[in-house]
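Next comes final_25.tsv, with TSV, C-alpha atoms.
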```tsv
chain	number	residue	atom	x	y	z
J	592	MET	CA	53.67	19.92	-51.00
J	593	THR	CA	52.83	23.60	-51.22
J	594	SER	CA	49.68	25.01	-49.69
J	595	LYS	CA	48.30	25.66	-53.17
J	596	GLU	CA	48.89	22.03	-54.16
J	597	LEU	CA	47.25	20.86	-50.95
J	598	LEU	CA	44.18	22.97	-51.72
J	599	TYR	CA	44.02	21.41	-55.19
J	600	VAL	CA	44.14	17.88	-53.75
J	601	GLU	CA	41.48	18.72	-51.16
J	602	ASP	CA	39.28	20.16	-53.91
J	603	ALA	CA	39.78	17.07	-56.06
J	604	LEU	CA	38.87	14.82	-53.11
J	605	GLY	CA	35.65	16.75	-52.64
J	606	HIS	CA	34.77	16.41	-56.31
J	607	GLU	CA	35.40	12.68	-56.28
J	608	GLN	CA	33.23	12.25	-53.17
J	609	TYR	CA	30.45	14.18	-54.91
J	610	PHE	CA	30.71	12.03	-58.05
J	611	MET	CA	30.64	8.82	-55.99
J	612	ALA	CA	27.51	10.01	-54.18
J	613	GLN	CA	25.84	10.92	-57.46
J	614	CYS	CA	26.64	7.50	-58.91
J	615	SER	CA	25.21	5.80	-55.84
J	616	GLU	CA	22.04	7.86	-56.01
J	617	THR	CA	21.68	7.14	-59.72
J	618	MET	CA	22.19	3.39	-59.25
J	619	ASN	CA	19.34	3.33	-56.74
J	620	LYS	CA	17.02	4.85	-59.34
J	621	LEU	CA	17.97	2.64	-62.28
J	622	GLN	CA	16.15	-0.57	-63.03
J	623	ASP	CA	18.06	-1.59	-66.16
J	624	PRO	CA	20.80	-3.99	-65.00
J	625	GLU	CA	23.14	-2.96	-67.81
J	626	LEU	CA	22.90	0.73	-66.93
J	627	ARG	CA	23.29	-0.04	-63.24
J	628	SER	CA	26.44	-1.97	-64.03
J	629	LEU	CA	27.83	0.92	-66.07
J	630	VAL	CA	27.15	3.43	-63.28
J	631	GLN	CA	28.70	1.04	-60.77
J	632	GLN	CA	31.86	0.95	-62.89
J	633	LEU	CA	31.88	4.75	-62.95
J	634	GLN	CA	31.54	4.81	-59.18
J	635	GLN	CA	34.46	2.41	-58.82
J	636	SER	CA	36.55	4.63	-61.11
J	637	HIS	CA	35.80	7.64	-58.93
J	638	GLN	CA	36.64	5.59	-55.82
J	639	THR	CA	40.02	4.73	-57.35
J	640	LEU	CA	40.66	8.38	-58.21
J	641	PHE	CA	39.70	9.38	-54.68
J	642	GLN	CA	42.17	6.88	-53.24
J	643	ASN	CA	44.90	8.10	-55.58
J	644	PHE	CA	44.36	11.71	-54.57
J	645	TYR	CA	44.17	10.73	-50.90
J	646	GLY	CA	47.47	8.94	-51.27
J	647	LEU	CA	49.10	12.26	-52.18
J	648	LEU	CA	48.46	13.59	-48.69
```

Would you mind writing the structure in this file as structure tokens?
Amino acid sequence: MTSKELLYVEDALGHEQYFMAQCSETMNKLQDPELRSLVQQLQQSHQTLFQNFYGLL
């Protein structure tokens, strides 16, 4: 992996961590169970993406 590719993966990991944190924060504010479930699914999607990017290292 080139240094430029490594920087891209590190950047993508940071973005996915940010999105997971935002989903978590949003879930804590929501009272509608259906919306909470949707945001939880989004968080899980970002967790999967994070793991996929991490696996490239």

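Across J:Ser615, J:Leu629, J:Leu640, J:Leu648, the tightest approach to J:Glu601 is made by J:Leu648 when counting only C-alpha atoms.
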
Take atom CA of J:Val630 and atom CA of J:Glu607 and report the distance between them in Å, one decimal.
-> 14.2 Å

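Shortest separation to J:Asp602 among J:Gln632, J:Gly646, J:Leu626, J:Phe641 occurs at residue J:Phe641, atoms counted being only C-alpha atoms.
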
Residues within 10 Å of J:Ala603, all atoms listed in the file, excluding chain neighbours under 5 positions, as a list in words = Leu597, Leu598, Gln608, Tyr609, Leu640, Phe641, Phe644 and Tyr645 of chain J

Nearest residue to J:His637 from the set J:Met611, J:Thr593, J:Val600, J:Gly605 (distances using all atoms listed in the file) | J:Met611

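Straight-line separation from atom CA of J:Gln642 to atom CA of J:Lys595: 19.8 Å.
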
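If only C-alpha atoms are the atoms counted, then among J:Thr639, J:Tyr599, J:Leu647, J:Cys614 the closest residue to J:Arg627 is J:Cys614.
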
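Here atom CA of J:Gln638 is placed at a distance of 9.9 Å from atom CA of J:Leu604.
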
Quick one: everything within 12 Å of J:Ser628, counting only C-alpha atoms, minus sequence neighbours fewer than 4 positions away in the same chain. Send it as number ranges by chain.
-> J: 614-615, 617-619, 621-624, 632-635
